[in-house]
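Chemist: Got a structure for you, questions after.
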Amino acid sequence: MGNDEREVRLKKIEEIRKIGVFPYKDRFERNRTLLEAGGLAVGTENVRIAGRVMTIRKFGKLIFATLKDNTGKLQIALQAQEIEAGLFSFFKKYIDIGDFVGAAGSIFKTKLGEVTLDVGRFELLSKALRPLPEKWHGLQERELLYRRRYLDLCMNEGTLEKFEKRTRIIRAMRDYLDRHGFIEVETPVLQTKPSGAIATPFTTHHNALDLDLYLRIAPETYLKRCIAGGLDRVYEFARCFRNEGIDPSHLQDFTLLEWYAAFWNYSDNMKFTKELIADVVSAVNGKTEVTFGEKKIDFGGEWETWSVRDLLLRDAGIDIFQVEGGDERGLRKALDERGIEIEDSDKMGFGPLVDALYKKVSRPNLDGPVFLIHHPIGLSPLSRKNDEDARVTDRFQVVVNGWEIVNAYSELVDPVDQRERFETQAELRRRGDAEAMPVDEDFLEAMEYGMPPISGLGLGVDRFVALLLNEENLRDVILFPLMRPL
């Protein structure tokens, strides 16, 4: 059916060219969007609009069609006795659903009260070769939505609005940071060492330099270099890449907002983060409460706060700092005693094993918003030790609906301590932990020139957007998610 229709349209293009009409114009000057035209008074003349033809209804010497642009839809009418000679028959013979046309005329209302453009002239702007999906079936299969997002945007009501709302969410975050003295910067995507977070990197190769490179895991170390250079408050909407598993809440290619503020600690950052999120949610939704599935999540008011230690004591009955030997072996023994299975636990150090336990027994049950604080030091190689308990760091996460949407901490600015932690990570890497960090000498050198007290944060933009849009799968808030080739 589709191929037959394509052949018919190819023949139409040949015929159109033979009569001297070019089927792919370079421009059309419109003076109204379809939404604007729909609000004009009856009798308004010289209205010029353009859009994709979505429906065509032919009644002898009268044709109705519906055009669509990014603002909405509008009906147009072509009357054989009123339109320029030859144009009516051209539209009737050569215009198909999916084509782009421009039209000029005056506004009137039909007997049913529908605002319509009475077309005096029109132009074929671009001829579509393939028919759009049938109106009532549209595109429903999720994988097709991802592969042919352009059709999803065109055919399914709400998709365009969803992605416009994503833009408003990002703009609201950017505006809030700008109002509070932050400067937007850009840092490298290609890096000589994997850095910024504990994760498996994507690798590539620079032919001219004959050098293996890594796609950015997170922009952290470069943003800290900016702080060392005297930029007190910086942020970046960073495209990041992590070579890990696929599920509805993880993408390999995702957007991370990171900001860093000199002279703040993690408590200052917690307060600022809560205020920013509440402000953004309110600006976009009109209130601080959002609906996610059957849950009502309110970002206003007080947020619950848990330490990692207390949360695991509650959910697993394990005091992570009282296990035998105080290390991963003692923790594995405690897990065995309680029948808690963690995949590949024998390959994990203490910090990653604590994290895996938290993700298994606690995180799925946190509706939030919840602040999770004081992570074990082995889990946070770039964060500052707590002054009162050196086993934990001054770190916090924001968890909503079982998703970690924020990771933040008081940054480690002691270069000696940082080197020791890098070396611990490097040893884990040598033992087979692909996510552990290597020693980054260039970053250590920058630290040795001096860094002020800093607190930094990473916010998963896609997860945050999904929560505000009531979408459970991150691919539904990404225009073109990564797909395996057909």
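Residue numbering restarts at 1 in every chain; chains get A, B, ... in the order shown in the structure tokens, and ligands count up from 1 in that same order.
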Would you list the contacts of segment 170-180 of chain A as an NGL selection string, taking every protein, DNA or RNA residue within 8 Å and counting only C-alpha atoms, but skipping same-chain residues closer than 5 positions in sequence?

Modeler: :A and (235 or 276 or 280 or 283-284 or 461)

Chemist: Quick check for you: according to DSSP on this backbone, which residues of segment 222-269 of chain A are classed as alpha helix (DSSP H)? Reply as a PyMOL selection string.

Modeler: chain A and resi 222-228+266-269

Chemist: How many Å separate atom CA of Gly105 of chain A from atom CA of Lys12 of chain A?

Modeler: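 Atom-to-atom, atom CA of Gly105 of chain A and atom CA of Lys12 of chain A are spaced 25.9 Å apart.
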
Chemist: Which residue gives the smallest distance to Arg130 of chain A among A:Ile49, A:Ile198, A:Ile373, A:Ile97, with only C-alpha atoms counted?

Modeler: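 The shortest atom-to-atom distance to Arg130 of chain A comes from A:Ile97.
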
Chemist: Of the residues A:Ala104, A:Val439, A:Val398, A:Ile183, which is the one nearest to Ala426 of chain A, using only C-alpha atoms?

Modeler: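 Of the candidates, the smallest distance to Ala426 of chain A is held by A:Val439.
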
Chemist: Tell me which protein, DNA and RNA residues are within 10 Å of Thr55 of chain A, counting only C-alpha atoms, leaving out same-chain ones fewer than 6 positions away, and put them as a PyMOL selection string.

Modeler: chain A and resi 64-68+75+96-98+135

Chemist: Enumerate, as an MDAnalysis selection string, the complete set of residues in segment 186-348 of chain A that a backbone-based DSSP assignment places in strand (DSSP E).

Modeler: chainID A and resid 190:191 203:206 211:215 233:241 253:262 289:292 295:298 304:307

Chemist: Let me see the file: selected residues, C-alpha atoms, as a PDB file, in the first residue's frame.

Modeler:
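Result file out.pdb:
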```pdb
ATOM      1  CA  LEU A 190      36.343  14.131  24.555  1.00  0.00           C
ATOM      2  CA  GLN A 191      38.729  13.552  27.451  1.00  0.00           C
ATOM      3  CA  THR A 203      36.085   4.931  24.311  1.00  0.00           C
ATOM      4  CA  THR A 204      37.123   6.258  20.925  1.00  0.00           C
ATOM      5  CA  HIS A 205      40.371   6.957  19.087  1.00  0.00           C
ATOM      6  CA  HIS A 206      41.871  10.176  17.739  1.00  0.00           C
ATOM      7  CA  LEU A 211      45.435   8.674  21.130  1.00  0.00           C
ATOM      8  CA  ASP A 212      42.664   6.760  22.888  1.00  0.00           C
ATOM      9  CA  LEU A 213      40.009   9.107  24.247  1.00  0.00           C
ATOM     10  CA  TYR A 214      36.959   8.798  26.469  1.00  0.00           C
ATOM     11  CA  LEU A 215      33.525  10.309  26.078  1.00  0.00           C
ATOM     12  CA  ARG A 233      29.671  29.982  40.324  1.00  0.00           C
ATOM     13  CA  VAL A 234      29.460  27.936  37.130  1.00  0.00           C
ATOM     14  CA  TYR A 235      27.036  25.523  35.496  1.00  0.00           C
ATOM     15  CA  GLU A 236      26.764  23.402  32.367  1.00  0.00           C
ATOM     16  CA  PHE A 237      24.018  21.458  30.630  1.00  0.00           C
ATOM     17  CA  ALA A 238      26.331  18.621  29.647  1.00  0.00           C
ATOM     18  CA  ARG A 239      25.745  15.747  27.263  1.00  0.00           C
ATOM     19  CA  CYS A 240      27.221  12.733  29.072  1.00  0.00           C
ATOM     20  CA  PHE A 241      27.880   9.112  28.141  1.00  0.00           C
ATOM     21  CA  ASP A 253      23.559   9.233  26.174  1.00  0.00           C
ATOM     22  CA  PHE A 254      21.897  11.712  28.528  1.00  0.00           C
ATOM     23  CA  THR A 255      21.789  15.324  29.699  1.00  0.00           C
ATOM     24  CA  LEU A 256      23.276  16.269  33.057  1.00  0.00           C
ATOM     25  CA  LEU A 257      23.032  19.708  34.655  1.00  0.00           C
ATOM     26  CA  GLU A 258      26.005  20.356  36.915  1.00  0.00           C
ATOM     27  CA  TRP A 259      26.696  23.471  38.951  1.00  0.00           C
ATOM     28  CA  TYR A 260      29.477  24.424  41.353  1.00  0.00           C
ATOM     29  CA  ALA A 261      29.612  27.275  43.875  1.00  0.00           C
ATOM     30  CA  ALA A 262      32.712  28.510  45.669  1.00  0.00           C
ATOM     31  CA  GLU A 289       2.822  19.343  43.293  1.00  0.00           C
ATOM     32  CA  VAL A 290       3.101  16.941  40.365  1.00  0.00           C
ATOM     33  CA  THR A 291       1.236  13.730  39.558  1.00  0.00           C
ATOM     34  CA  PHE A 292       3.307  10.696  38.663  1.00  0.00           C
ATOM     35  CA  LYS A 295       1.276   9.290  43.193  1.00  0.00           C
ATOM     36  CA  LYS A 296       1.109  12.923  44.224  1.00  0.00           C
ATOM     37  CA  ILE A 297       4.608  14.315  44.752  1.00  0.00           C
ATOM     38  CA  ASP A 298       4.923  17.715  46.419  1.00  0.00           C
ATOM     39  CA  GLU A 304      12.545  13.986  54.472  1.00  0.00           C
ATOM     40  CA  THR A 305      16.271  13.432  55.215  1.00  0.00           C
ATOM     41  CA  TRP A 306      18.007  10.072  55.780  1.00  0.00           C
ATOM     42  CA  SER A 307      21.645   9.080  56.181  1.00  0.00           C
TER      43      SER A 307
END
```

Chemist: Hey, what's within 6 Å of segment 242-250 of chain A if we count only C-alpha atoms and toss same-chain stuff fewer than 5 positions away? As a list in words, please?

Modeler: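 In the requested format, the answer is Thr200, Pro201, Phe202, Ile217, Asn473 and Leu474 of chain A.
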
Chemist: What does the file look like for those residues with C-alpha atoms, as a CSV table (one decimal), in the first residue's frame?

Modeler:
```
chain,number,residue,atom,x,y,z
A,200,THR,CA,32.2,2.6,32.7
A,201,PRO,CA,33.2,5.0,29.9
A,202,PHE,CA,32.8,4.9,26.1
A,217,ILE,CA,31.1,10.6,32.0
A,473,ASN,CA,10.5,5.7,30.5
A,474,LEU,CA,13.3,8.2,29.8
```

Chemist: Pick out the closest residue to Leu87 of chain A from this set: A:Lys111, A:Arg32, A:Arg484, A:Lys61. Count only C-alpha atoms.

Modeler: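 Using only C-alpha atoms, the shortest distance to Leu87 of chain A belongs to A:Lys61.
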
Chemist: Closest to Ala408 of chain A among A:Glu328, A:Glu186, A:Glu445, A:Asp268, using only C-alpha atoms?

Modeler: A:Asp268

Chemist: Calculated over only C-alpha atoms, which of the candidates A:Cys226, A:Val308, A:Leu482, A:Leu468 has the smallest distance to His375 of chain A?

Modeler: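 Comparing A:Cys226, A:Val308, A:Leu482, A:Leu468 against His375 of chain A, the winner is A:Val308.
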
Chemist: For each of A:Phe122, A:Phe59, A:Phe443, A:Phe90, take the minimum atom-to-atom distance to Arg30 of chain A, counting only C-alpha atoms, then give the residue where this is smallest.

Modeler: A:Phe122
